[in-house]
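Read the structure below first, then the notes.
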Amino acid sequence: MTDALHDGYALECREVTYRLPSGATLVSGLNLRVAQGETLVLLGRSGSGKTTTLKLINRLLEPSEGEIFISGRAGSEWNPIQLRRGIGYVIQDAGLFPHWSVEKNVALVPHLDRWPEDRIRERVKEMLELVGLPPAEFATRRPSELSGGQRQRVGVARALAADPPILLMDEPFGALDPVSRTELQREFRALASRLGKSIVFVTHDVREAIFLGTRIALLAAGRLVGEYAPNEFLHSTEPEARAFAASYHLEREEEVR
Amino acid sequence: MKWYDFLLRNRGEVIQRTGEHIELVAAAMAIALIIGLPLGVALVRRRTLQRWVLGIANVVQTIPSLALFGFLIPVPWIGGVGASTAIVALALYALLPILRNTATGIEEVDAAVIESARGMGMTPRQVLWQVELPLAAPVLLAGIRVATVLCIGVTTIAAAIGAGGLGVFIFRGVSMVNNSVILAGAIPAALLAVLADSALGILQWRMAKK
């Protein structure tokens with residue numbers, strides 16, 4: 001088989017198209033590869049198909065055409081529930097369960113996978129420390145007793161709890177204030193390189209894309225416009241890339257003033 | 001004779017009628033819950049079905065209670081004069097608030113929470129039992145509260161078709177033109193309604209606080 005080709009790729013999208021029943025095409029002919037341990041940033045405007053792509057990867061949506069390979073296996077061969085438990089998922093509003101404590105939230109996937117209780121407790125502690133939330137202080141709190149940044153940290157801890165090889169992040173820092181956002185971006189970059197996870201990170205923020213990505217895939221209207229190394233993105237002559245580059249420079253100028 | 005003299009002297013029957021009243025309400029609520037909760041869950045995010053079912057339940061609720069009892073009497077199996085007809089009618093009344101609040105309570109749960117629950121690998125059943133129902137519980141309970149109070153009120157009319165309950169005193173008092181007899185039914189019925197409402201209200205408040 002062609003499986004030898006996938007070796008080294010945590011994730012591969014091949015000619016993936018997603019159409020709504022109404023006929024609108026949200027993603028068309030998408031080809032993407034994510035190598036082991038890299039952070040691929042999907043950059044694009046609202047409606048460019050970034051979030052849809054993430055949901056196709058963890059099978060919250062099913063591709064209309066094409067195939068997605070995860071750890072060398074076709075997505076359609078996976079049991080969706082098992083597949084999702086092996087993929088960390090962090091979304092913008094964290095999506096923490098408001099009726100559960102921080103501890104229980106982080107323990108979600110280990111609990112679903114029926115780990116022994118003492119191992120879960122240990123793992124939760126470890127994860128909270130990893131994201132900079134002292135367990136003694138935070139474990140028993142409710143999500144409503146946390147700041148936005150803290151909630152997002154819990155979201156990351158929850159996604160990492162079962163040690164999935166792949167992490168999907170949908171604008172995880174998008175709703176934070178600038179200071180917390182920068183803080184979390186820095187910490188997350190360090191964490192990502194330390195843990196060696198394969199990450200697909202969705203954002204519409206060029207700075208974030210350049211700062212966090214090992215590669216940037218630019219999407220527009222459901223299509224892949226191009227793939228760039230972070231240091232070459234700003235020099236691209238492609239119109240959509242230039243539009244993003246312009247917004248980057250504009251922000252910079254405003255900062256200088 | 002003061003009205004409370006009548007009440008005290010006939011306390012045996014008052015207690016018996018109160019018991020009947022509670023039994024009728026409990027039986028009707030049990031049926032309404034057994035049908036309403038699963039049906040309400042099934043209506044979640046099914047726009048067309050929901051519009052139809054809630055529409056029908058709405059129509060049932062606009063039928064005056066005495067008329068609804070009347071409609072059911074000729075129906076075979078459930079019909080006839082007596083408690084079973086009353087219970088069916090009461091359950092039909094209680095159904096609407098339970099259905100509506102179950103469906104809307106679950107629909108109002110934060111979409112981000114549901115998305116992450118599914119995205120983290122919870123099965124649909126786990127999402128329902130561990131996320132949707134607990135988070136919808138206060139709204140659900142509000143529906144049960146409305147249904148219970150409504151039921152306690154309508155049950156007073158069930159006496160008209162021979163189902164018993166506190167309405168017996170009220171109808172008897174009206175025909176005897178005796179206020180004391182009316183009050184012997186009306187006061188305990190009102191008390192029951194207030195009690196049920198506050199008890200469920202406290203429970204609802206506690207759940208919402210959690």
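Residue names in the structure tokens use chain letters A, B, ... in the order shown, residue numbers from 1 in each chain, and ligand numbers from 1 in the order shown.
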Within 6 Å of chain B: residues of chain A, using only C-alpha atoms, as a list in words: Ile81, Arg84, Arg85 and Gly95 of chain A
I'd like the neighbourhood of A:Ser236 as a list in words, where a residue qualifies if any of its atoms comes within 10 Å (using only C-alpha atoms), though same-chain residues fewer than 5 positions away should be ignored.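 Returned residues: Gly226, Tyr228, Asn231, Ala241, Arg242 and Ala245 of chain A.
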Output as a PyMOL selection string all residues of stretch 56-88 of chain A that backbone DSSP marks as strand (DSSP E). chain A and resi 65-70+73-74+87-88
If you count only C-alpha atoms, which residues fall within 8 Å of stretch 115-132 of chain A, apart from same-chain ones fewer than 4 positions away, as an MDAnalysis selection string? chainID A and resid 103 106:107 110:111 139 153:154 156:158 160:161
Residue neighbourhood stretch 23-26 of chain B, 8 Å, only C-alpha atoms, exclusion window fewer than 3 positions, as an mmCIF file with C-alpha atoms, in the first residue's frame:
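Just written: result16.cif:
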```
data_model
loop_
_atom_site.group_PDB
_atom_site.id
_atom_site.type_symbol
_atom_site.label_atom_id
_atom_site.label_comp_id
_atom_site.auth_asym_id
_atom_site.auth_seq_id
_atom_site.Cartn_x
_atom_site.Cartn_y
_atom_site.Cartn_z
ATOM 1 C CA GLY B 19 -55.043 12.562 49.911
ATOM 2 C CA GLU B 20 -57.130 11.903 46.800
ATOM 3 C CA MET B 29 -47.426 14.122 36.872
ATOM 4 C CA ALA B 30 -45.822 10.684 36.748
ATOM 5 C CA ALA B 83 -60.308 9.094 38.401
ATOM 6 C CA ALA B 86 -59.227 12.839 35.186
ATOM 7 C CA ILE B 87 -55.650 11.589 35.385
ATOM 8 C CA LEU B 90 -54.408 16.270 33.910
ATOM 9 C CA THR B 148 -47.405 20.692 39.147
ATOM 10 C CA CYS B 151 -52.230 20.282 37.900
ATOM 11 C CA ILE B 152 -53.136 20.993 41.518
ATOM 12 C CA THR B 155 -57.601 18.779 39.821
ATOM 13 C CA GLY B 165 -60.243 15.360 45.477
#
```
List every residue of stretch 11-152 of chain A that DSSP, applied to the backbone of this structure, places in helix (DSSP H, G or I), and write the result as a count of residues only. 53
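Interatomic distance, atom CA of B:Gly40 to atom CA of B:Glu107: 10.7 Å.
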Between atom CA of A:Ser144 and atom CA of B:Met207, what is the distance, to one decimal in Å?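 Atom CA of B:Met207 lies 15.2 Å from atom CA of A:Ser144.
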May I ask which of the residues B:Gly201, B:Gly143, B:Gly12, B:Gly164 is the closest one to B:Thr85, counting only C-alpha atoms?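 Once distances to B:Thr85 are computed over only C-alpha atoms, the minimum belongs to B:Gly164.
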d(atom CA of A:Ile70, atom CA of A:Asp93) in Å: 25.8 Å
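Using only C-alpha atoms, the nearest neighbour of A:Arg207 within the list A:His235, A:Thr182, A:Ile68, A:Gly75 is A:Thr182.
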Which residues are near stretch 104-106 of chain B? Cut-off 6 Å, only C-alpha atoms, ignore same chain within fewer than 3 positions. Put them as a list in words.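 Selected residues are Asn101, Val109, Glu132, Ala136 and Val139 of chain B.
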Preceding selection exported with C-alpha atoms as a PDB file, in the first residue's frame:
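Here's the written file selection.pdb:
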```
ATOM      1  CA  ASN B 101     -38.830  23.290  29.043  1.00  0.00           C
ATOM      2  CA  VAL B 109     -26.938  24.867  26.864  1.00  0.00           C
ATOM      3  CA  GLU B 132     -26.993  18.469  28.599  1.00  0.00           C
ATOM      4  CA  ALA B 136     -30.700  22.011  31.605  1.00  0.00           C
ATOM      5  CA  VAL B 139     -35.043  25.022  33.293  1.00  0.00           C
TER       6      VAL B 139
END
```
Let me make sure I understand: among B:Ile98, B:Val168, B:Leu191, B:Ile161, which one has the smallest atom-to-atom distance to B:Leu43 if we use only C-alpha atoms?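 Comparing B:Ile98, B:Val168, B:Leu191, B:Ile161 against B:Leu43, the winner is B:Ile98.
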